[in-house]
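Listing of entry-v1.tsv, TSV, C-alpha atoms and all ligand atoms
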chain	number	residue	atom	x	y	z
A	824	MET	CA	105.53	98.09	80.55
A	825	SER	CA	104.54	96.08	83.63
A	826	TYR	CA	105.55	97.14	87.14
A	827	LEU	CA	107.19	93.80	87.99
A	828	SER	CA	108.26	91.09	85.56
A	829	LEU	CA	110.06	87.78	85.53
A	830	LYS	CA	111.63	87.21	82.10
A	831	GLU	CA	112.66	83.66	81.21
A	832	VAL	CA	113.68	83.07	84.79
A	833	SER	CA	115.13	79.78	86.00
A	834	TYR	CA	116.51	78.90	89.41
A	835	SER	CA	118.66	76.01	90.61
A	836	TYR	CA	119.51	75.58	94.31
A	837	PRO	CA	123.20	75.24	95.22
A	838	ASN	CA	122.77	71.44	95.39
A	839	GLY	CA	121.91	71.55	91.68
A	840	HIS	CA	118.15	70.98	92.11
A	841	GLU	CA	116.27	73.03	89.48
A	842	ALA	CA	113.14	74.49	91.14
A	843	VAL	CA	111.91	77.00	88.51
A	844	LYS	CA	112.33	76.77	84.76
A	845	ASN	CA	111.88	79.43	82.12
A	846	LEU	CA	109.19	81.40	83.96
A	847	ASN	CA	107.61	84.50	82.44
A	848	LEU	CA	105.29	86.61	84.59
A	849	ASP	CA	104.11	90.22	84.52
A	850	PHE	CA	102.34	92.13	87.29
A	851	GLU	CA	100.63	95.51	87.10
A	852	LEU	CA	100.09	97.93	89.97
A	853	GLY	CA	96.73	97.49	91.69
A	854	GLU	CA	96.15	93.85	90.82
A	855	SER	CA	95.82	90.78	92.99
A	856	ALA	CA	97.23	87.46	91.82
A	857	ALA	CA	97.27	84.04	93.43
A	858	VAL	CA	100.11	81.61	92.74
A	859	VAL	CA	98.94	78.02	93.12
A	860	GLY	CA	100.32	74.56	92.48
A	861	GLN	CA	101.16	71.32	94.20
A	862	ASN	CA	103.86	71.03	96.89
A	863	GLY	CA	107.28	71.56	95.38
A	864	ALA	CA	105.94	73.18	92.19
A	865	GLY	CA	108.33	76.11	92.64
A	866	LYS	CA	105.96	78.76	94.04
A	867	THR	CA	108.11	79.94	96.96
A	868	THR	CA	111.26	79.89	94.86
A	869	ALA	CA	109.52	82.01	92.19
A	870	VAL	CA	108.24	84.66	94.59
A	871	LYS	CA	111.52	84.86	96.48
A	872	MET	CA	113.14	85.91	93.21
A	873	MET	CA	110.62	88.75	92.93
A	874	ASN	CA	112.07	90.53	95.96
A	875	GLY	CA	115.68	89.55	95.54
A	876	LEU	CA	115.81	86.96	98.35
A	877	LEU	CA	116.91	84.52	95.65
A	878	ARG	CA	118.67	85.56	92.45
A	879	PRO	CA	117.81	83.83	89.17
A	880	SER	CA	120.32	81.34	87.77
A	881	GLU	CA	119.09	82.47	84.36
A	882	GLY	CA	116.79	85.25	83.17
A	883	LEU	CA	115.89	88.65	84.61
A	884	VAL	CA	113.64	90.18	87.25
A	885	LEU	CA	112.53	93.65	86.18
A	886	LEU	CA	111.08	96.48	88.28
A	887	GLU	CA	109.54	99.14	86.05
A	888	GLY	CA	111.54	97.64	83.19
A	889	LYS	CA	114.91	97.76	84.98
A	890	SER	CA	116.80	94.69	86.14
A	891	ILE	CA	117.10	94.32	89.92
A	892	ALA	CA	120.37	92.37	89.52
A	893	SER	CA	122.53	95.22	90.82
A	894	MET	CA	120.17	96.11	93.71
A	895	THR	CA	120.62	94.69	97.22
A	896	THR	CA	117.77	92.66	98.71
A	897	ALA	CA	117.18	95.52	101.18
A	898	GLU	CA	116.80	97.94	98.25
A	899	VAL	CA	114.41	95.64	96.38
A	900	SER	CA	112.33	95.11	99.52
A	901	GLN	CA	111.46	98.81	99.55
A	902	TYR	CA	109.42	98.08	96.42
A	903	VAL	CA	108.53	94.43	96.93
A	904	GLY	CA	107.67	93.38	100.50
A	905	TYR	CA	107.58	89.73	101.50
A	906	VAL	CA	105.47	88.26	104.30
A	907	PHE	CA	106.93	84.88	105.21
A	908	GLN	CA	104.78	81.79	105.59
A	909	ASN	CA	105.93	81.42	109.20
A	910	PRO	CA	105.63	84.73	111.13
A	911	ASP	CA	108.12	83.48	113.72
A	912	GLU	CA	110.88	83.71	111.10
A	913	GLN	CA	110.15	87.43	110.78
A	914	ILE	CA	109.26	88.68	114.28
A	915	PHE	CA	112.14	89.78	116.48
A	916	GLN	CA	111.00	92.75	118.60
A	917	ASP	CA	109.45	92.57	122.07
A	918	THR	CA	106.31	94.60	121.39
A	919	ILE	CA	104.01	94.71	118.41
A	920	TYR	CA	104.50	98.49	118.18
A	921	LYS	CA	108.27	98.05	117.92
A	922	GLU	CA	107.90	95.28	115.36
A	923	ILE	CA	105.76	97.44	113.07
A	924	ALA	CA	107.87	100.56	113.72
A	925	PHE	CA	111.26	98.91	113.19
A	926	GLY	CA	111.62	99.56	109.45
A	927	LEU	CA	110.11	103.04	109.77
A	928	LYS	CA	112.71	104.00	112.38
A	929	LYS	CA	115.44	102.71	110.08
A	930	LYS	CA	114.03	105.00	107.40
A	931	LYS	CA	114.51	107.81	109.95
A	932	LEU	CA	110.91	109.01	109.73
A	933	LYS	CA	109.69	111.56	112.30
A	934	LYS	CA	108.20	110.13	115.50
A	935	ASP	CA	104.72	111.52	114.73
A	936	ASP	CA	104.78	109.95	111.28
A	937	ILE	CA	105.95	106.62	112.72
A	938	ASN	CA	103.11	106.68	115.28
A	939	ARG	CA	100.56	107.47	112.60
A	940	ILE	CA	101.77	104.79	110.18
A	941	VAL	CA	102.01	102.14	112.91
A	942	LYS	CA	98.43	102.93	113.98
A	943	GLU	CA	97.15	102.74	110.39
A	944	ALA	CA	98.89	99.41	109.73
A	945	ALA	CA	97.69	98.03	113.07
A	946	LEU	CA	94.12	99.08	112.29
A	947	LEU	CA	94.27	97.43	108.86
A	948	CYS	CA	95.43	94.20	110.50
A	949	GLY	CA	93.15	94.27	113.56
A	950	LEU	CA	95.98	94.88	116.03
A	951	GLU	CA	95.08	98.37	117.21
A	952	ASN	CA	94.44	97.21	120.78
A	953	ASP	CA	97.53	95.00	121.01
A	954	LEU	CA	100.36	97.41	120.23
A	955	GLU	CA	102.05	97.12	123.63
A	956	GLU	CA	101.72	93.33	123.78
A	957	HIS	CA	104.68	91.01	123.35
A	958	PRO	CA	104.16	89.33	119.95
A	959	TYR	CA	104.43	85.90	121.55
A	960	ASN	CA	101.51	86.71	123.88
A	961	LEU	CA	99.34	86.54	120.79
A	962	PRO	CA	98.36	83.29	119.06
A	963	TYR	CA	100.10	82.17	115.84
A	964	SER	CA	97.14	83.30	113.74
A	965	LYS	CA	97.47	86.88	115.02
A	966	ARG	CA	101.26	86.85	114.76
A	967	LYS	CA	100.81	86.45	111.00
A	968	PHE	CA	98.95	89.78	111.00
A	969	ILE	CA	101.84	91.43	112.87
A	970	THR	CA	104.15	90.57	109.98
A	971	ILE	CA	101.59	91.79	107.44
A	972	ALA	CA	101.32	95.09	109.35
A	973	ALA	CA	105.12	95.44	109.53
A	974	VAL	CA	105.47	94.90	105.78
A	975	THR	CA	102.56	97.11	104.70
A	976	ALA	CA	103.75	99.92	107.03
A	977	MET	CA	106.84	100.20	104.83
A	978	ASN	CA	104.54	101.01	101.91
A	979	PRO	CA	106.07	98.75	99.23
A	980	ASN	CA	104.24	98.76	95.88
A	981	VAL	CA	104.12	94.96	95.78
A	982	ILE	CA	103.24	92.79	98.77
A	983	ILE	CA	103.89	89.07	98.61
A	984	LEU	CA	101.94	86.89	101.05
A	985	ASP	CA	103.12	83.30	101.50
A	986	GLU	CA	100.26	81.00	102.59
A	987	PRO	CA	98.38	83.71	104.52
A	988	THR	CA	95.32	81.58	105.32
A	989	ALA	CA	97.26	78.66	106.84
A	990	GLY	CA	96.15	78.22	110.46
A	991	GLN	CA	93.58	81.05	110.23
A	992	ASP	CA	89.92	80.88	111.26
A	993	ARG	CA	87.02	82.13	109.15
A	994	GLY	CA	87.05	85.67	110.60
A	995	SER	CA	90.78	86.07	110.00
A	996	ILE	CA	90.46	84.78	106.43
A	997	GLN	CA	87.75	87.37	105.87
A	998	ARG	CA	90.05	90.05	107.25
A	999	LEU	CA	92.81	88.88	104.90
A	1000	GLY	CA	90.39	89.32	102.00
A	1001	GLU	CA	89.59	92.84	103.20
A	1002	ILE	CA	93.30	93.68	103.54
A	1003	ILE	CA	93.95	92.50	99.98
A	1004	LYS	CA	91.02	94.59	98.70
A	1005	GLU	CA	92.17	97.69	100.53
A	1006	LEU	CA	95.74	97.32	99.31
A	1007	THR	CA	94.74	96.83	95.67
A	1008	GLN	CA	92.33	99.78	95.90
A	1009	ASN	CA	95.36	101.80	96.99
A	1010	ASN	CA	97.11	100.69	93.78
A	1011	LYS	CA	99.30	98.09	95.50
A	1012	THR	CA	99.94	94.73	93.88
A	1013	VAL	CA	99.26	91.70	96.06
A	1014	ILE	CA	100.77	88.36	95.07
A	1015	THR	CA	99.72	85.43	97.24
A	1016	ILE	CA	100.95	81.86	97.36
A	1017	THR	CA	98.18	79.65	98.63
A	1018	HIS	CA	96.83	76.12	98.75
A	1019	ASP	CA	93.42	77.50	99.78
A	1020	MET	CA	91.30	77.29	96.64
A	1021	GLU	CA	88.20	78.77	98.33
A	1022	PHE	CA	90.26	81.85	99.14
A	1023	VAL	CA	91.55	82.05	95.55
A	1024	ALA	CA	88.07	81.79	94.08
A	1025	SER	CA	86.64	84.47	96.35
A	1026	GLU	CA	89.47	87.02	96.52
A	1027	PHE	CA	91.62	86.98	93.38
A	1028	GLU	CA	91.25	88.35	89.89
A	1029	ARG	CA	94.05	86.32	88.44
A	1030	VAL	CA	95.42	82.86	89.16
A	1031	ILE	CA	98.85	81.60	88.10
A	1032	VAL	CA	99.27	77.84	88.08
A	1033	LEU	CA	102.75	76.41	88.48
A	1034	ALA	CA	103.44	72.71	88.06
A	1035	ASP	CA	106.75	70.94	87.90
A	1036	LYS	CA	108.86	74.16	87.84
A	1037	GLN	CA	106.88	75.85	85.07
A	1038	LYS	CA	103.85	78.04	84.49
A	1039	ARG	CA	101.05	75.88	83.14
A	1040	LYS	CA	98.34	78.51	82.80
A	1041	GLU	CA	97.21	81.88	84.09
A	1042	GLY	CA	93.71	83.27	83.99
A	1043	THR	CA	90.65	84.23	85.97
A	1044	PRO	CA	89.46	81.80	88.68
A	1045	LYS	CA	86.74	80.70	86.25
A	1046	GLU	CA	89.25	79.94	83.50
A	1047	ILE	CA	91.42	77.98	85.93
A	1048	PHE	CA	88.90	76.09	88.04
A	1049	TRP	CA	86.82	74.83	85.12
A	1050	ASP	CA	89.81	73.57	83.13
A	1051	GLU	CA	89.58	69.93	84.10
A	1052	GLU	CA	92.68	68.87	82.19
A	1053	LEU	CA	94.73	71.54	83.96
A	1054	LEU	CA	93.34	70.62	87.39
A	1055	SER	CA	94.20	66.99	86.89
A	1056	PHE	CA	97.66	67.70	85.45
A	1057	SER	CA	98.51	70.21	88.19
A	1058	ASP	CA	96.88	68.16	90.96
A	1059	LEU	CA	94.65	71.08	91.96
A	1060	LYS	CA	91.30	70.79	93.68
A	1061	GLN	CA	88.22	72.71	92.55
A	1062	PRO	CA	86.76	75.03	95.22
A	1063	TYR	CA	83.71	73.49	96.93
A	1064	ILE	CA	81.31	75.84	95.17
A	1065	CYS	CA	82.53	74.55	91.77
A	1066	GLN	CA	82.21	70.95	92.97
A	1067	LEU	CA	78.66	71.61	94.15
A	1068	ALA	CA	77.76	73.37	90.89
A	1069	GLY	CA	79.20	70.41	88.96
A	1070	LEU	CA	77.09	67.95	90.98
A	1071	LEU	CA	74.02	70.06	90.18
A	1072	GLY	CA	74.91	69.95	86.49
A	1073	HIS	CA	76.30	73.46	86.06
A	1074	LYS	CA	79.65	74.57	84.69
A	1075	ASP	CA	81.60	77.81	84.84
A	1076	ILE	CA	80.25	78.74	88.25
A	1077	ILE	CA	82.75	80.29	90.64
A	1078	THR	CA	80.71	82.06	93.32
A	1079	ILE	CA	77.73	81.16	95.44
A	1080	GLU	CA	75.90	84.16	93.94
A	1081	GLU	CA	76.33	82.76	90.41
A	1082	LEU	CA	75.06	79.36	91.53
A	1083	LEU	CA	72.04	80.91	93.24
A	1084	GLU	CA	71.30	82.93	90.13
A	1085	VAL	CA	71.30	79.94	87.75
A	1086	ARG	CA	69.25	77.92	90.23
A	1087	HIS	CA	66.78	80.80	90.57
A	1088	HIS	CA	66.59	81.07	86.79
A	1089	GLU	CA	65.90	77.33	86.53
A	1090	THR	CA	63.13	77.41	89.14
A	1091	THR	CA	61.41	80.38	87.50
A	1092	MET	CA	61.59	78.56	84.12
A	1093	ASP	CA	59.84	75.45	85.58
B	1	LIG	N1	117.11	75.16	99.86
B	1	LIG	C1	116.79	74.23	98.95
B	1	LIG	N2	117.72	73.38	98.45
B	1	LIG	C2	117.41	72.45	97.53
B	1	LIG	N3	116.17	72.26	97.03
B	1	LIG	C3	115.20	73.07	97.50
B	1	LIG	C4	115.46	74.09	98.49
B	1	LIG	N4	114.29	74.73	98.75
B	1	LIG	C5	113.35	74.14	97.97
B	1	LIG	N5	113.90	73.14	97.22
B	1	LIG	C6	113.20	72.28	96.27
B	1	LIG	O1	112.78	73.08	95.17
B	1	LIG	C7	111.51	72.65	94.70
B	1	LIG	C8	110.56	73.83	94.73
B	1	LIG	O2	110.38	74.24	96.08
B	1	LIG	P1	109.41	75.46	96.48
B	1	LIG	O3	109.53	75.63	97.96
B	1	LIG	O4	109.70	76.62	95.61
B	1	LIG	O5	108.01	74.83	96.09
B	1	LIG	P2	106.56	75.30	96.51
B	1	LIG	O6	105.73	75.20	95.28
B	1	LIG	O7	106.61	76.62	97.20
B	1	LIG	O8	106.13	74.15	97.53
B	1	LIG	P3	105.22	74.19	98.87
B	1	LIG	O9	103.81	74.37	98.43
B	1	LIG	O10	105.45	72.83	99.46
B	1	LIG	O11	105.75	75.31	99.74
B	1	LIG	C9	111.08	71.51	95.60
B	1	LIG	O12	111.40	70.28	94.95
B	1	LIG	C10	111.92	71.70	96.84
B	1	LIG	O13	112.17	70.46	97.49

Could the structure of this file be written out as structure tokens, please?
Amino acid sequence: MSYLSLKEVSYSYPNGHEAVKNLNLDFELGESAAVVGQNGAGKTTAVKMMNGLLRPSEGLVLLEGKSIASMTTAEVSQYVGYVFQNPDEQIFQDTIYKEIAFGLKKKKLKKDDINRIVKEAALLCGLENDLEEHPYNLPYSKRKFITIAAVTAMNPNVIILDEPTAGQDRGSIQRLGEIIKELTQNNKTVITITHDMEFVASEFERVIVLADKQKRKEGTPKEIFWDEELLSFSDLKQPYICQLAGLLGHKDIITIEELLEVRHHETTMD
């Protein structure tokens, strides 16, 4: 049994627009998965159903095999945390410490425990020196990390990140990769919506492709980014390293290390 599942899930918005159709997905603890697809494919709608922000029009969302239908969104979010695409929709306290500590205080944890957890989450997200700052004194890119710290501090088993690399520089994208690694090593599941194919190729074990409301394929980055028919149908771009490998006449390359290895092999064969 998977930790989190969508079973034959469909969703129509109140105006009647169907955004997700007959979606089946299973997630295990400790895995990282990227959800990709063109604008409007249904990615955000699908992940919002995973933590109860939206409720399926048809089908079931299961946590450890049990339907979440009778749970409140607040109850589901103890297990499935959601980091919004825009941090400003999530931040509402006047210091970073208070923002990260808010949920922990609601849980009525002891002050020492709250301090410890806030410090750990801040360290993970590179905010350890900013705890007394007003969130809006920090740039947008850092505000995203405040919301990641606030969600991870609550220790949910599943963390959903919506477009985490948008507006981030190279160093911050690297930090995001490290955060995802650390979380999965701690047996957390990280599900990330992203349009950043370089990030997908370098950080994720599994890629789920949505197109026109439905799942078109799931697989490893190699299985996804070398499926030309899928890329064209789903309007997805190959990561640059795949494009470069293709220009050099190689297929099934997904990392720079793999490309260097085949090139090295070729030169030593000459
Ligand atoms: N509140 C809403 N009411 C009606 N239709 C909506 C609403 N929110 C989203 N939609 C529509 O549902 C479809 C799926 O939207 P969704 O945001 O899930 O796609 P997405 O794959 O996350 O897109 P993007 O990459 O642009 O964020 C789109 O056609 C969108 O216009």

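Candidate residues A:Val1085, A:Val858, A:Ala989, A:Ala945 were compared for distance to Val1013 in chain A, and the nearest is A:Val858, using all atoms listed in the file.
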
Protein/DNA/RNA residues near (116.0, 91.0, 91.7), cut 7 Å, only C-alpha atoms, as a PyMOL selection string: chain A and resi 872-875+878+884+890-892+894+899

Output C-alpha atoms for every residue in the selection just made, as a short mmCIF file (atom, residue, chain, number, x, y, z; two decimals), keeping the file's coordinate frame.
data_model
loop_
_atom_site.label_atom_id
_atom_site.label_comp_id
_atom_site.auth_asym_id
_atom_site.auth_seq_id
_atom_site.Cartn_x
_atom_site.Cartn_y
_atom_site.Cartn_z
CA MET A 872 113.14 85.91 93.21
CA MET A 873 110.62 88.75 92.93
CA ASN A 874 112.07 90.53 95.96
CA GLY A 875 115.68 89.55 95.54
CA ARG A 878 118.67 85.56 92.45
CA VAL A 884 113.64 90.18 87.25
CA SER A 890 116.80 94.69 86.14
CA ILE A 891 117.10 94.32 89.92
CA ALA A 892 120.37 92.37 89.52
CA MET A 894 120.17 96.11 93.71
CA VAL A 899 114.41 95.64 96.38
#

So the first atom is CA of Leu927 in chain A and the second is CA of Val941 in chain A; what is the distance between them in Å, to one decimal place? 8.7 Å

At a cut-off of 8 Å, using only C-alpha atoms, what residues contact Lys866 in chain A? Leave out same-chain residues fewer than 5 positions from it and give the result as a ChimeraX atom specification. /A:858-860,1016,1033

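Here CA of Ile969 in chain A and CA of Lys1004 in chain A stand 18.1 Å from one another.
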
Option closest in space to Leu852 in chain A, from A:Leu1083, A:Val1032, A:Leu961, A:Leu1006 [counting only C-alpha atoms]: A:Leu1006

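When all atoms listed in the file are used to measure the gap to Tyr902 in chain A, the shortest distance among A:Thr868, A:Asn978, A:Gln1061, A:Thr1015 belongs to A:Asn978.
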
Which residues sit within 10 Å of ligand LIG 1 (chain B), counting all atoms listed in the file, listed as a VMD selection string? chain A and resid 834 to 843 858 to 871 908 985 to 986 1016 to 1018 1033 to 1036

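A straight line drawn from CA of Gly888 in chain A to CA of Leu829 in chain A is 10.2 Å long.
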
I'd like to know which of A:Ile1047, A:Ser833, A:Ile1031, A:Ile971 is closest to Val906 in chain A, using all atoms listed in the file. A:Ile971

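Nearest residue to Glu1001 in chain A, choosing from A:Ile983, A:Val974, A:Leu946, A:Val1030 and counting all atoms listed in the file: A:Leu946.
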
Within 10 Å of file point (88.6, 82.9, 97.6), counting only C-alpha atoms, expressed as a JSON list (two decimals) with C-alpha atoms, keeping the file's coordinate frame:
[["chain", "number", "residue", "atom", "x", "y", "z"],
["A", 857, "ALA", "CA", 97.27, 84.04, 93.43],
["A", 996, "ILE", "CA", 90.46, 84.78, 106.43],
["A", 997, "GLN", "CA", 87.75, 87.37, 105.87],
["A", 1000, "GLY", "CA", 90.39, 89.32, 102.00],
["A", 1019, "ASP", "CA", 93.42, 77.50, 99.78],
["A", 1020, "MET", "CA", 91.30, 77.29, 96.64],
["A", 1021, "GLU", "CA", 88.20, 78.77, 98.33],
["A", 1022, "PHE", "CA", 90.26, 81.85, 99.14],
["A", 1023, "VAL", "CA", 91.55, 82.05, 95.55],
["A", 1024, "ALA", "CA", 88.07, 81.79, 94.08],
["A", 1025, "SER", "CA", 86.64, 84.47, 96.35],
["A", 1026, "GLU", "CA", 89.47, 87.02, 96.52],
["A", 1027, "PHE", "CA", 91.62, 86.98, 93.38],
["A", 1028, "GLU", "CA", 91.25, 88.35, 89.89],
["A", 1044, "PRO", "CA", 89.46, 81.80, 88.68],
["A", 1062, "PRO", "CA", 86.76, 75.03, 95.22],
["A", 1077, "ILE", "CA", 82.75, 80.29, 90.64],
["A", 1078, "THR", "CA", 80.71, 82.06, 93.32]]

Nearest residue to His957 in chain A from the set A:Gln916, A:Lys1074, A:Glu1051, A:Glu1089 (distances using all atoms listed in the file): A:Gln916

Spatial neighbours of Leu886 in chain A, 6 Å, all atoms listed in the file, chain gap at least 3 places, as a PyMOL selection string: chain A and resi 826-827+889

For the selection you just gave me, I'd like the residues written to a file as a PDB file, keeping the file's coordinate frame, keeping C-alpha atoms.
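File produced: part-v4.pdb:
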ATOM      1  CA  TYR A 826     105.550  97.140  87.140  1.00  0.00           C
ATOM      2  CA  LEU A 827     107.190  93.800  87.990  1.00  0.00           C
ATOM      3  CA  LYS A 889     114.910  97.760  84.980  1.00  0.00           C
TER       4      LYS A 889
END

Starting from the incomplete input, reconstruct N, CA and C atoms of range 841-871 of chain A and write that as a PDB file, in the frame of the given file.
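What follows is the written file rebuild.pdb:
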ATOM      1  N   GLU A 841     116.949  71.944  90.207  1.00  0.00           N
ATOM      2  CA  GLU A 841     116.270  73.030  89.480  1.00  0.00           C
ATOM      3  C   GLU A 841     114.826  73.140  89.981  1.00  0.00           C
ATOM      4  N   ALA A 842     114.462  74.330  90.522  1.00  0.00           N
ATOM      5  CA  ALA A 842     113.140  74.490  91.140  1.00  0.00           C
ATOM      6  C   ALA A 842     112.192  75.298  90.259  1.00  0.00           C
ATOM      7  N   VAL A 843     112.732  76.170  89.407  1.00  0.00           N
ATOM      8  CA  VAL A 843     111.910  77.000  88.510  1.00  0.00           C
ATOM      9  C   VAL A 843     112.587  77.003  87.144  1.00  0.00           C
ATOM     10  N   LYS A 844     111.752  76.868  86.105  1.00  0.00           N
ATOM     11  CA  LYS A 844     112.330  76.770  84.760  1.00  0.00           C
ATOM     12  C   LYS A 844     111.612  77.705  83.792  1.00  0.00           C
ATOM     13  N   ASN A 845     112.360  78.602  83.234  1.00  0.00           N
ATOM     14  CA  ASN A 845     111.880  79.430  82.120  1.00  0.00           C
ATOM     15  C   ASN A 845     110.525  80.094  82.405  1.00  0.00           C
ATOM     16  N   LEU A 846     110.466  80.807  83.511  1.00  0.00           N
ATOM     17  CA  LEU A 846     109.190  81.400  83.960  1.00  0.00           C
ATOM     18  C   LEU A 846     109.073  82.840  83.471  1.00  0.00           C
ATOM     19  N   ASN A 847     107.928  83.138  82.855  1.00  0.00           N
ATOM     20  CA  ASN A 847     107.610  84.500  82.440  1.00  0.00           C
ATOM     21  C   ASN A 847     106.359  84.957  83.164  1.00  0.00           C
ATOM     22  N   LEU A 848     106.452  86.075  83.882  1.00  0.00           N
ATOM     23  CA  LEU A 848     105.290  86.610  84.590  1.00  0.00           C
ATOM     24  C   LEU A 848     105.347  88.127  84.584  1.00  0.00           C
ATOM     25  N   ASP A 849     104.178  88.762  84.465  1.00  0.00           N
ATOM     26  CA  ASP A 849     104.110  90.220  84.520  1.00  0.00           C
ATOM     27  C   ASP A 849     103.032  90.621  85.513  1.00  0.00           C
ATOM     28  N   PHE A 850     103.320  91.632  86.322  1.00  0.00           N
ATOM     29  CA  PHE A 850     102.340  92.130  87.290  1.00  0.00           C
ATOM     30  C   PHE A 850     102.182  93.631  87.138  1.00  0.00           C
ATOM     31  N   GLU A 851     100.923  94.074  87.194  1.00  0.00           N
ATOM     32  CA  GLU A 851     100.630  95.510  87.100  1.00  0.00           C
ATOM     33  C   GLU A 851     100.328  96.025  88.512  1.00  0.00           C
ATOM     34  N   LEU A 852     100.464  97.324  88.689  1.00  0.00           N
ATOM     35  CA  LEU A 852     100.090  97.930  89.970  1.00  0.00           C
ATOM     36  C   LEU A 852      98.577  97.793  90.151  1.00  0.00           C
ATOM     37  N   GLY A 853      98.167  97.519  91.385  1.00  0.00           N
ATOM     38  CA  GLY A 853      96.730  97.490  91.690  1.00  0.00           C
ATOM     39  C   GLY A 853      96.053  96.166  91.413  1.00  0.00           C
ATOM     40  N   GLU A 854      96.818  95.131  91.072  1.00  0.00           N
ATOM     41  CA  GLU A 854      96.150  93.850  90.820  1.00  0.00           C
ATOM     42  C   GLU A 854      96.462  92.837  91.922  1.00  0.00           C
ATOM     43  N   SER A 855      95.565  91.862  92.047  1.00  0.00           N
ATOM     44  CA  SER A 855      95.820  90.780  92.990  1.00  0.00           C
ATOM     45  C   SER A 855      95.971  89.490  92.198  1.00  0.00           C
ATOM     46  N   ALA A 856      96.995  88.718  92.536  1.00  0.00           N
ATOM     47  CA  ALA A 856      97.230  87.460  91.820  1.00  0.00           C
ATOM     48  C   ALA A 856      97.555  86.363  92.819  1.00  0.00           C
ATOM     49  N   ALA A 857      96.967  85.194  92.584  1.00  0.00           N
ATOM     50  CA  ALA A 857      97.270  84.040  93.430  1.00  0.00           C
ATOM     51  C   ALA A 857      98.188  83.105  92.661  1.00  0.00           C
ATOM     52  N   VAL A 858      99.210  82.591  93.351  1.00  0.00           N
ATOM     53  CA  VAL A 858     100.110  81.610  92.740  1.00  0.00           C
ATOM     54  C   VAL A 858      99.803  80.265  93.391  1.00  0.00           C
ATOM     55  N   VAL A 859      99.350  79.323  92.571  1.00  0.00           N
ATOM     56  CA  VAL A 859      98.940  78.020  93.120  1.00  0.00           C
ATOM     57  C   VAL A 859      99.704  76.892  92.441  1.00  0.00           C
ATOM     58  N   GLY A 860      99.645  75.722  93.052  1.00  0.00           N
ATOM     59  CA  GLY A 860     100.320  74.560  92.480  1.00  0.00           C
ATOM     60  C   GLY A 860     100.664  73.586  93.585  1.00  0.00           C
ATOM     61  N   GLN A 861     100.914  72.356  93.190  1.00  0.00           N
ATOM     62  CA  GLN A 861     101.160  71.320  94.200  1.00  0.00           C
ATOM     63  C   GLN A 861     102.431  71.612  95.006  1.00  0.00           C
ATOM     64  N   ASN A 862     102.637  70.873  96.092  1.00  0.00           N
ATOM     65  CA  ASN A 862     103.860  71.030  96.890  1.00  0.00           C
ATOM     66  C   ASN A 862     105.075  70.819  95.989  1.00  0.00           C
ATOM     67  N   GLY A 863     106.046  71.718  96.136  1.00  0.00           N
ATOM     68  CA  GLY A 863     107.280  71.560  95.380  1.00  0.00           C
ATOM     69  C   GLY A 863     107.211  72.062  93.947  1.00  0.00           C
ATOM     70  N   ALA A 864     106.090  72.712  93.571  1.00  0.00           N
ATOM     71  CA  ALA A 864     105.940  73.180  92.190  1.00  0.00           C
ATOM     72  C   ALA A 864     106.904  74.319  91.857  1.00  0.00           C
ATOM     73  N   GLY A 865     107.397  75.002  92.888  1.00  0.00           N
ATOM     74  CA  GLY A 865     108.330  76.110  92.640  1.00  0.00           C
ATOM     75  C   GLY A 865     107.771  77.473  93.017  1.00  0.00           C
ATOM     76  N   LYS A 866     106.636  77.490  93.726  1.00  0.00           N
ATOM     77  CA  LYS A 866     105.960  78.760  94.040  1.00  0.00           C
ATOM     78  C   LYS A 866     106.837  79.666  94.911  1.00  0.00           C
ATOM     79  N   THR A 867     107.326  79.111  96.037  1.00  0.00           N
ATOM     80  CA  THR A 867     108.110  79.940  96.960  1.00  0.00           C
ATOM     81  C   THR A 867     109.405  80.402  96.292  1.00  0.00           C
ATOM     82  N   THR A 868     110.033  79.516  95.563  1.00  0.00           N
ATOM     83  CA  THR A 868     111.260  79.890  94.860  1.00  0.00           C
ATOM     84  C   THR A 868     110.969  81.046  93.899  1.00  0.00           C
ATOM     85  N   ALA A 869     109.858  80.952  93.168  1.00  0.00           N
ATOM     86  CA  ALA A 869     109.520  82.010  92.190  1.00  0.00           C
ATOM     87  C   ALA A 869     109.303  83.345  92.881  1.00  0.00           C
ATOM     88  N   VAL A 870     108.537  83.358  93.975  1.00  0.00           N
ATOM     89  CA  VAL A 870     108.240  84.660  94.590  1.00  0.00           C
ATOM     90  C   VAL A 870     109.461  85.223  95.322  1.00  0.00           C
ATOM     91  N   LYS A 871     110.319  84.342  95.821  1.00  0.00           N
ATOM     92  CA  LYS A 871     111.520  84.860  96.480  1.00  0.00           C
ATOM     93  C   LYS A 871     112.433  85.572  95.486  1.00  0.00           C
TER      94      LYS A 871
END
